[in-house]
Amino acid sequence: MALSRPSDHYDSVREAQARPDESIAQPRLSPVGYIRFFWRQLTSMRTALFLLLLLAVAAVPGSLVPQRTSDPNGVVQYFENNPTLAPVLDSVQAFDVYSSVWFSSIYILLFVSLVGCVIPRTAHHLKALRSMPPTTPARLERLESFSSVNAPGVTTADAISSARAILAKSGYRTVMFETARDSSVSAERGYLRETGNLVFHVSLIGVLISVGIGGGFGYSGQKVIVEGDSFANVLLSYDSFLPGRFFDDDSLAAYRLTLDDFDVTYEERNRNALGQATDYTASVTTFSPGSTSGIDHSIRVNDPLRLDGSDVYLLGNGYAPRITVRDGNGDIAYSQAVPFLPQDSNLTSLGVIKVPDALPVQLGMIGFLYPTAAPLPTGAFTSNFPDLLNPMLSLQVFTGDLKLTDGVYAIDTADLTEIAGRNADTASLQLKPGETAQLPGGVGSVTFENASPNAEADDFSESVSRFASLDFHRDPSQGWVLVFAILVLAGLLTSLFIPRRRVWVKVVDSADGVRLEYAGLARGEDPGLARAVDEVRERHSQKLGLG
């Protein structure tokens with residue numbers, strides 16, 4: 001007897017694919033349907049979490065390369081050190097990560113996604129808060145943590161009222177149900193869990209908004225100030241200034257700041273840490289408009305000064321030797337303290353001096369300051385300690401058209417004539433504080449001024465002035481960022497540690513009196529559910545005098 005195959009059997013997958021079931025058809029989405037589909041995908045919690053992770057990853061380049069908003073000098077130095085790579089990174093806005101198009105796109109999408117998640121969930125949660133606990137299931141024995149107790153001599157009214165009182169005292173919302181066979185109490189608690197979840201997401205939106213507002217209306221500016229000099233909070237006084245998108249010059253607070261003293265303490269006893277700085281202190285005096293008396297403050301690393309809504313941070317420091325240059329006519333063409341940039345941990349420092357007003361020729365100088373000068377076998381010098389124990393200034397001198405287009409800390413020597421230095425007939429000039437050297441060719445002289453001329457001849461501890469690099473940062477929303485960050489943490493902890501659970505107590509009439517049934521049901525993981533139901537049963541039994 002031959003076996004026949006069913007009429008719907010296919011011998012192969014290929015044959016099945018060749019004969020599709022035309023009765024099944026996927027509906028075609030309209031443009032509105034596509035918009036609705038993409039909106040649901042964007043506002044899903046999975047997408048929000050992915051965008052949050054993507055935002056964290058997108059912020060990583062900001063910690064790998066210097067940013068113009070926080071370290072403009074570092075960006076310039078990066079271009080000098082990496083002339084090939086830097087333009088490529090700049091083309092993808094790697095030096096402006098937090099204001100770049102791609103970072104802002106992720107930021108905005110995350111904001112929209114969170115708003116789209118929170119609004120419907122908030123409406124659903126408000127509706128759930130107004131609703132009553134669900135009806136008691138017909139068979140509690142099918143639920144988790146079920147248990148029952150026989151209670152002879154206990155009336156249904158007493159059992160129900162005492163159970164409701166116990167549950168209400170434990171923070172449950174309760175409602176009573178009665179049927180022909182039994183009476184029950186339905187209780188529910190843990191709505192604070194969803195409230196905490198919503199607080200977390202709303203606060204996260206608040207952080208995003210606050211950061212955006214702070215970045216738009218705030219600013220960041222840097223200024224190098226030499227001991228004894230003052231700084232007025234006007235736009236032209238800054239060495240570099242990065243305003244927010246909505247910044248207005250009129251929002252700059254009117255104040256003046258003077259750097260009175262910059263003190264550094266160095267390690268001198270521990271040989272393994274010899275010369276390392278143990279403390280930096282910038283002593284400043286601030287003046288308000290119309291005030292003749294100032295207020296003294298101290299600025300330390302990680303201890304900024306709060307001044308009229310701005311934070312003043314100590315970024316760096318170094319030496320600023322005062323140089324006086326007289327031209328060939330004997331007139332003072334230049335006299336000021338010049339910040340020299342530290343090149344190593346012992347503060348061997350590099351500085352540039354430009355004297356365009358010198359006559360008969362312009363003068364340019366590249367100098368090295370050695371706080372504690374020590375000769376090397378090659379004949380060059382280095383500094384073997386960062387403090388002023390044996391300061392010396394070495395200068396290369398050039399003449400010619402300075403052009404003045406290379407910035408403060410650079411000089412183009414390609415078209416200049418070197419009259420003192422390695423490639424000249426005259427060696428580099430070497431000066432100690434208080435000494436003067438004549439320039440070759442009678443073009444003038446240079447003096448390394450002593451900042452403490454009344455000190456003893458071998459005391460150089462105060463012979464060179466210090467400078468401090470200060471960062472003035474204003475963020476009008478940082479207080480709100482702190483508030484929302486605290487709420488984010490509070491909402492997260494609440495959503496993690498407050499369980500959402502339902503508990504039922506049913507009183508069933510029986511021939512021997514009544515039978516009390518207890519059961520619970522958790523929404524999500526709740527390892528404490530069984531213990532909570534047992535506690536309700538024990539307290540209820542004690543209340544009814546069941547032992």
# chains A, B, ... in the order shown; residues from 1 in each chain; ligands from 1
>>> select_by_dssp(residues="segment 144-241 of chain A", states="strand (DSSP E)", output="ChimeraX atom specification")
/A:144-151,173-178,182-189,219-226,230-232,240-241
>>> select_by_dssp(residues="segment 97-138 of chain A", states="helix (DSSP H, G or I)", output="MDAnalysis selection string")
chainID A and resid 97:99 101:130
>>> closest_atom_pairs(of="segment 304-353 of chain A", to="segment 468-476 of chain A", cutoff="7 Å", atoms="only C-alpha atoms", output="Markdown table")
| residue | atom | partner | partner_atom | distance |
| --- | --- | --- | --- | --- |
| A:Gly309 | CA | A:Arg474 | CA | 6.5 |
| A:Ser310 | CA | A:Arg474 | CA | 4.5 |
| A:Asp311 | CA | A:His473 | CA | 5.2 |
| A:Val312 | CA | A:Phe472 | CA | 4.7 |
| A:Tyr313 | CA | A:Asp471 | CA | 5.0 |
| A:Leu314 | CA | A:Leu470 | CA | 4.9 |
| A:Leu315 | CA | A:Ser469 | CA | 5.4 |
| A:Gly316 | CA | A:Ser469 | CA | 4.9 |
| A:Asn317 | CA | A:Ala468 | CA | 4.4 |
| A:Gly318 | CA | A:Ala468 | CA | 6.8 |
>>> residues_around(residues="segment 130-146 of chain A", least_positions_apart="6", cutoff="7 Å", atoms="only C-alpha atoms", output="PyMOL selection string")
chain A and resi 174-175+184+186-188+504+518-521+530+533
>>> write_last_selection(atoms="N, CA, C and O atoms", output="tab-separated table (two decimals), in the first residue's frame")
chain	number	residue	atom	x	y	z
A	174	THR	N	-5.00	49.83	49.60
A	174	THR	CA	-5.87	48.65	49.75
A	174	THR	C	-7.27	48.92	49.21
A	174	THR	O	-7.74	50.07	49.15
A	175	VAL	N	-7.93	47.81	48.83
A	175	VAL	CA	-9.33	47.84	48.46
A	175	VAL	C	-9.92	46.48	48.81
A	175	VAL	O	-9.23	45.45	48.73
A	184	SER	N	-12.02	39.48	50.49
A	184	SER	CA	-10.57	39.63	50.33
A	184	SER	C	-10.15	41.09	50.37
A	184	SER	O	-10.96	42.00	50.19
A	186	SER	N	-7.18	43.42	48.54
A	186	SER	CA	-6.15	43.54	47.51
A	186	SER	C	-5.30	44.76	47.84
A	186	SER	O	-5.83	45.86	48.05
A	187	ALA	N	-4.00	44.57	47.90
A	187	ALA	CA	-3.10	45.65	48.30
A	187	ALA	C	-1.95	45.77	47.30
A	187	ALA	O	-1.49	44.78	46.73
A	188	GLU	N	-1.47	46.98	47.12
A	188	GLU	CA	-0.39	47.24	46.18
A	188	GLU	C	0.48	48.36	46.71
A	188	GLU	O	0.00	49.33	47.30
A	504	TRP	N	-2.26	39.86	48.52
A	504	TRP	CA	-3.68	39.62	48.74
A	504	TRP	C	-3.87	38.80	50.01
A	504	TRP	O	-3.09	37.88	50.31
A	518	TYR	N	-2.98	33.78	51.93
A	518	TYR	CA	-2.05	34.90	51.67
A	518	TYR	C	-1.24	34.58	50.42
A	518	TYR	O	-0.79	33.44	50.22
A	519	ALA	N	-1.02	35.59	49.59
A	519	ALA	CA	-0.20	35.41	48.39
A	519	ALA	C	0.33	36.76	47.95
A	519	ALA	O	-0.20	37.82	48.30
A	520	GLY	N	1.40	36.72	47.19
A	520	GLY	CA	2.01	37.95	46.68
A	520	GLY	C	2.45	37.78	45.24
A	520	GLY	O	2.63	36.66	44.74
A	521	LEU	N	2.65	38.90	44.56
A	521	LEU	CA	3.11	38.89	43.18
A	521	LEU	C	3.99	40.12	42.97
A	521	LEU	O	3.62	41.23	43.33
A	530	ALA	N	8.70	36.82	49.32
A	530	ALA	CA	8.26	35.74	50.22
A	530	ALA	C	8.34	36.18	51.68
A	530	ALA	O	7.42	35.89	52.48
A	533	VAL	N	5.39	38.56	52.46
A	533	VAL	CA	4.11	37.87	52.63
A	533	VAL	C	4.08	37.13	53.97
A	533	VAL	O	3.06	37.14	54.68
>>> atom_distance(atom1="atom CA of Gly221 of chain A", atom2="atom CA of Ser105 of chain A")
26.5 Å
>>> residues_around(residues="Asn346 of chain A", least_positions_apart="4", cutoff="10 Å", atoms="only C-alpha atoms", output="ChimeraX atom specification")
/A:275-276,342,370-372,382-387
>>> write_last_selection(atoms="N, CA and C atoms", output="PDB file, in the first residue's frame")
ATOM      1  N   GLY A 275      62.842  68.513  44.656  1.00  0.00           N
ATOM      2  CA  GLY A 275      62.481  69.522  43.662  1.00  0.00           C
ATOM      3  C   GLY A 275      61.033  69.514  43.230  1.00  0.00           C
ATOM      4  N   GLN A 276      60.248  68.555  43.687  1.00  0.00           N
ATOM      5  CA  GLN A 276      58.838  68.527  43.312  1.00  0.00           C
ATOM      6  C   GLN A 276      58.060  69.549  44.132  1.00  0.00           C
ATOM      7  N   PRO A 342      57.871  77.276  30.998  1.00  0.00           N
ATOM      8  CA  PRO A 342      58.670  76.148  31.495  1.00  0.00           C
ATOM      9  C   PRO A 342      58.783  75.045  30.446  1.00  0.00           C
ATOM     10  N   TYR A 370      67.490  79.776  33.462  1.00  0.00           N
ATOM     11  CA  TYR A 370      67.841  78.609  34.277  1.00  0.00           C
ATOM     12  C   TYR A 370      67.733  79.014  35.743  1.00  0.00           C
ATOM     13  N   PRO A 371      66.700  78.588  36.476  1.00  0.00           N
ATOM     14  CA  PRO A 371      66.568  78.984  37.891  1.00  0.00           C
ATOM     15  C   PRO A 371      67.777  78.591  38.733  1.00  0.00           C
ATOM     16  N   THR A 372      68.297  77.390  38.510  1.00  0.00           N
ATOM     17  CA  THR A 372      69.507  76.944  39.182  1.00  0.00           C
ATOM     18  C   THR A 372      70.438  76.428  38.091  1.00  0.00           C
ATOM     19  N   THR A 382      71.924  73.838  31.958  1.00  0.00           N
ATOM     20  CA  THR A 382      70.624  73.284  32.320  1.00  0.00           C
ATOM     21  C   THR A 382      70.296  73.752  33.730  1.00  0.00           C
ATOM     22  N   SER A 383      69.081  73.492  34.164  1.00  0.00           N
ATOM     23  CA  SER A 383      68.684  73.797  35.539  1.00  0.00           C
ATOM     24  C   SER A 383      68.485  72.481  36.271  1.00  0.00           C
ATOM     25  N   ASN A 384      69.120  72.361  37.452  1.00  0.00           N
ATOM     26  CA  ASN A 384      68.979  71.119  38.212  1.00  0.00           C
ATOM     27  C   ASN A 384      68.102  71.268  39.442  1.00  0.00           C
ATOM     28  N   PHE A 385      67.414  72.419  39.568  1.00  0.00           N
ATOM     29  CA  PHE A 385      66.451  72.609  40.664  1.00  0.00           C
ATOM     30  C   PHE A 385      65.515  73.733  40.247  1.00  0.00           C
ATOM     31  N   PRO A 386      64.206  73.623  40.541  1.00  0.00           N
ATOM     32  CA  PRO A 386      63.257  74.619  40.044  1.00  0.00           C
ATOM     33  C   PRO A 386      63.250  75.946  40.790  1.00  0.00           C
ATOM     34  N   ASP A 387      63.852  76.016  41.964  1.00  0.00           N
ATOM     35  CA  ASP A 387      63.851  77.266  42.729  1.00  0.00           C
ATOM     36  C   ASP A 387      65.035  78.137  42.318  1.00  0.00           C
TER      37      ASP A 387
END
>>> atom_distance(atom1="atom CA of Met176 of chain A", atom2="atom CA of Leu529 of chain A")
21.3 Å
>>> residues_around(residues="Gln67 of chain A", least_positions_apart="6", cutoff="7 Å", atoms="only C-alpha atoms", output="PyMOL selection string")
chain A and resi 75+95-96
>>> write_last_selection(atoms="all heavy atoms", output="PDB file, in the first residue's frame")
ATOM      1  N   VAL A  75      46.298  73.388  21.908  1.00  0.00           N
ATOM      2  CA  VAL A  75      45.931  73.134  20.508  1.00  0.00           C
ATOM      3  C   VAL A  75      47.007  73.674  19.573  1.00  0.00           C
ATOM      4  O   VAL A  75      47.414  73.009  18.612  1.00  0.00           O
ATOM      5  CB  VAL A  75      44.561  73.770  20.191  1.00  0.00           C
ATOM      6  CG1 VAL A  75      44.237  73.618  18.710  1.00  0.00           C
ATOM      7  CG2 VAL A  75      43.465  73.122  21.033  1.00  0.00           C
ATOM      8  N   PHE A  95      39.181  69.072  17.831  1.00  0.00           N
ATOM      9  CA  PHE A  95      39.614  70.047  18.824  1.00  0.00           C
ATOM     10  C   PHE A  95      38.445  70.863  19.377  1.00  0.00           C
ATOM     11  O   PHE A  95      38.642  71.717  20.234  1.00  0.00           O
ATOM     12  CB  PHE A  95      40.663  70.988  18.222  1.00  0.00           C
ATOM     13  CG  PHE A  95      41.894  70.284  17.720  1.00  0.00           C
ATOM     14  CD1 PHE A  95      42.114  70.137  16.357  1.00  0.00           C
ATOM     15  CD2 PHE A  95      42.804  69.739  18.603  1.00  0.00           C
ATOM     16  CE1 PHE A  95      43.236  69.482  15.885  1.00  0.00           C
ATOM     17  CE2 PHE A  95      43.931  69.065  18.141  1.00  0.00           C
ATOM     18  CZ  PHE A  95      44.146  68.933  16.783  1.00  0.00           C
ATOM     19  N   ASP A  96      37.245  70.613  18.859  1.00  0.00           N
ATOM     20  CA  ASP A  96      36.017  71.255  19.354  1.00  0.00           C
ATOM     21  C   ASP A  96      34.945  70.180  19.518  1.00  0.00           C
ATOM     22  O   ASP A  96      33.829  70.309  19.005  1.00  0.00           O
ATOM     23  CB  ASP A  96      35.544  72.334  18.383  1.00  0.00           C
ATOM     24  CG  ASP A  96      36.600  73.388  18.145  1.00  0.00           C
ATOM     25  OD1 ASP A  96      36.748  74.267  19.000  1.00  0.00           O
ATOM     26  OD2 ASP A  96      37.287  73.316  17.105  1.00  0.00           O
TER      27      ASP A  96
END
>>> residues_around(residues="segment 222-234 of chain A", least_positions_apart="5", cutoff="7 Å", atoms="only C-alpha atoms", output="ChimeraX atom specification")
/A:239-241,252-262,320,465-472
>>> write_last_selection(atoms="N, CA, C and O atoms", output="JSON list (two decimals), in the first residue's frame")
[["chain", "number", "residue", "atom", "x", "y", "z"],
["A", 239, "ASP", "N", 44.13, 87.04, 27.34],
["A", 239, "ASP", "CA", 45.06, 86.52, 26.34],
["A", 239, "ASP", "C", 44.32, 85.64, 25.33],
["A", 239, "ASP", "O", 44.65, 85.64, 24.14],
["A", 240, "SER", "N", 43.36, 84.88, 25.80],
["A", 240, "SER", "CA", 42.50, 84.08, 24.92],
["A", 240, "SER", "C", 41.12, 84.04, 25.56],
["A", 240, "SER", "O", 40.99, 84.03, 26.78],
["A", 241, "PHE", "N", 40.09, 84.03, 24.71],
["A", 241, "PHE", "CA", 38.72, 84.11, 25.22],
["A", 241, "PHE", "C", 37.82, 83.29, 24.32],
["A", 241, "PHE", "O", 37.84, 83.44, 23.09],
["A", 252, "LEU", "N", 29.82, 90.51, 31.25],
["A", 252, "LEU", "CA", 31.05, 90.44, 32.03],
["A", 252, "LEU", "C", 30.92, 91.28, 33.29],
["A", 252, "LEU", "O", 30.63, 92.48, 33.23],
["A", 253, "ALA", "N", 31.13, 90.65, 34.44],
["A", 253, "ALA", "CA", 31.05, 91.36, 35.71],
["A", 253, "ALA", "C", 32.22, 92.34, 35.82],
["A", 253, "ALA", "O", 33.34, 92.06, 35.39],
["A", 254, "ALA", "N", 31.95, 93.49, 36.40],
["A", 254, "ALA", "CA", 32.97, 94.53, 36.54],
["A", 254, "ALA", "C", 33.77, 94.30, 37.82],
["A", 254, "ALA", "O", 33.25, 94.48, 38.93],
["A", 255, "TYR", "N", 35.01, 93.90, 37.65],
["A", 255, "TYR", "CA", 35.91, 93.77, 38.81],
["A", 255, "TYR", "C", 37.35, 93.85, 38.31],
["A", 255, "TYR", "O", 37.63, 93.74, 37.12],
["A", 256, "ARG", "N", 38.26, 94.03, 39.27],
["A", 256, "ARG", "CA", 39.68, 94.09, 38.97],
["A", 256, "ARG", "C", 40.40, 93.16, 39.93],
["A", 256, "ARG", "O", 40.02, 93.03, 41.09],
["A", 257, "LEU", "N", 41.46, 92.52, 39.44],
["A", 257, "LEU", "CA", 42.20, 91.54, 40.24],
["A", 257, "LEU", "C", 43.69, 91.82, 40.12],
["A", 257, "LEU", "O", 44.19, 92.06, 39.01],
["A", 258, "THR", "N", 44.38, 91.81, 41.25],
["A", 258, "THR", "CA", 45.83, 92.04, 41.28],
["A", 258, "THR", "C", 46.52, 90.81, 41.87],
["A", 258, "THR", "O", 46.10, 90.31, 42.93],
["A", 259, "LEU", "N", 47.55, 90.32, 41.17],
["A", 259, "LEU", "CA", 48.35, 89.21, 41.70],
["A", 259, "LEU", "C", 49.44, 89.79, 42.59],
["A", 259, "LEU", "O", 50.42, 90.37, 42.11],
["A", 260, "ASP", "N", 49.25, 89.67, 43.89],
["A", 260, "ASP", "CA", 50.21, 90.24, 44.84],
["A", 260, "ASP", "C", 51.46, 89.38, 44.98],
["A", 260, "ASP", "O", 52.58, 89.90, 45.03],
["A", 261, "ASP", "N", 51.27, 88.08, 45.04],
["A", 261, "ASP", "CA", 52.41, 87.20, 45.27],
["A", 261, "ASP", "C", 52.06, 85.80, 44.81],
["A", 261, "ASP", "O", 50.90, 85.38, 44.88],
["A", 262, "PHE", "N", 53.08, 85.11, 44.31],
["A", 262, "PHE", "CA", 52.90, 83.71, 43.95],
["A", 262, "PHE", "C", 53.97, 82.91, 44.67],
["A", 262, "PHE", "O", 55.17, 83.11, 44.44],
["A", 320, "ALA", "N", 59.03, 85.15, 35.29],
["A", 320, "ALA", "CA", 58.89, 86.28, 34.38],
["A", 320, "ALA", "C", 60.00, 87.28, 34.67],
["A", 320, "ALA", "O", 59.81, 88.26, 35.40],
["A", 465, "SER", "N", 60.64, 87.67, 39.16],
["A", 465, "SER", "CA", 59.19, 87.64, 39.45],
["A", 465, "SER", "C", 58.58, 86.34, 38.92],
["A", 465, "SER", "O", 59.10, 85.70, 37.99],
["A", 466, "ARG", "N", 57.47, 85.98, 39.51],
["A", 466, "ARG", "CA", 56.70, 84.82, 39.07],
["A", 466, "ARG", "C", 55.48, 85.30, 38.28],
["A", 466, "ARG", "O", 55.02, 86.43, 38.42],
["A", 467, "PHE", "N", 54.97, 84.41, 37.46],
["A", 467, "PHE", "CA", 53.69, 84.67, 36.81],
["A", 467, "PHE", "C", 52.74, 83.50, 37.11],
["A", 467, "PHE", "O", 53.18, 82.37, 37.39],
["A", 468, "ALA", "N", 51.48, 83.78, 37.03],
["A", 468, "ALA", "CA", 50.44, 82.75, 37.20],
["A", 468, "ALA", "C", 49.52, 82.79, 36.00],
["A", 468, "ALA", "O", 49.12, 83.86, 35.54],
["A", 469, "SER", "N", 49.18, 81.62, 35.49],
["A", 469, "SER", "CA", 48.22, 81.50, 34.40],
["A", 469, "SER", "C", 46.86, 81.17, 35.01],
["A", 469, "SER", "O", 46.68, 80.12, 35.63],
["A", 470, "LEU", "N", 45.92, 82.08, 34.85],
["A", 470, "LEU", "CA", 44.60, 81.94, 35.47],
["A", 470, "LEU", "C", 43.55, 81.68, 34.40],
["A", 470, "LEU", "O", 43.60, 82.23, 33.29],
["A", 471, "ASP", "N", 42.60, 80.85, 34.75],
["A", 471, "ASP", "CA", 41.46, 80.55, 33.87],
["A", 471, "ASP", "C", 40.21, 81.10, 34.52],
["A", 471, "ASP", "O", 39.87, 80.74, 35.66],
["A", 472, "PHE", "N", 39.50, 81.98, 33.80],
["A", 472, "PHE", "CA", 38.26, 82.58, 34.29],
["A", 472, "PHE", "C", 37.11, 81.86, 33.58],
["A", 472, "PHE", "O", 36.95, 81.97, 32.36]]
>>> residues_around(residues="Phe217 of chain A", least_positions_apart="4", cutoff="6 Å", atoms="only C-alpha atoms", output="list of chain:residue names")
A:Gly244, A:Phe246, A:Phe247
>>> atom_distance(atom1="atom CA of Arg189 of chain A", atom2="atom CA of Val505 of chain A")
14.5 Å
>>> closest_residue(among="A:Lys432, A:Arg326, A:His297, A:Lys543", to="Ala373 of chain A", atoms="only C-alpha atoms")
A:Lys432
>>> closest_residue(among="A:Asn270, A:Ser99, A:Ser349, A:Thr292", to="Ala58 of chain A", atoms="only C-alpha atoms")
A:Ser99
>>> closest_atom_pairs(of="segment 106-221 of chain A", to="segment 490-503 of chain A", cutoff="8 Å", atoms="only C-alpha atoms", output="Markdown table")
| residue | atom | partner | partner_atom | distance |
| --- | --- | --- | --- | --- |
| A:Ser186 | CA | A:Val503 | CA | 6.3 |
| A:Ala187 | CA | A:Val503 | CA | 5.2 |
| A:Glu188 | CA | A:Arg502 | CA | 4.4 |
| A:Arg189 | CA | A:Arg501 | CA | 5.8 |
| A:Gly190 | CA | A:Arg500 | CA | 4.0 |
| A:Tyr191 | CA | A:Arg500 | CA | 6.5 |
| A:Leu192 | CA | A:Ile498 | CA | 7.1 |
| A:Arg193 | CA | A:Ser495 | CA | 4.4 |
| A:Glu194 | CA | A:Ser495 | CA | 6.4 |
| A:Thr195 | CA | A:Ser495 | CA | 7.6 |
| A:Gly196 | CA | A:Gly491 | CA | 4.1 |
| A:Asn197 | CA | A:Ser495 | CA | 5.3 |
| A:Leu198 | CA | A:Gly491 | CA | 7.4 |
| A:Val199 | CA | A:Gly491 | CA | 5.2 |
| A:Phe200 | CA | A:Gly491 | CA | 4.5 |
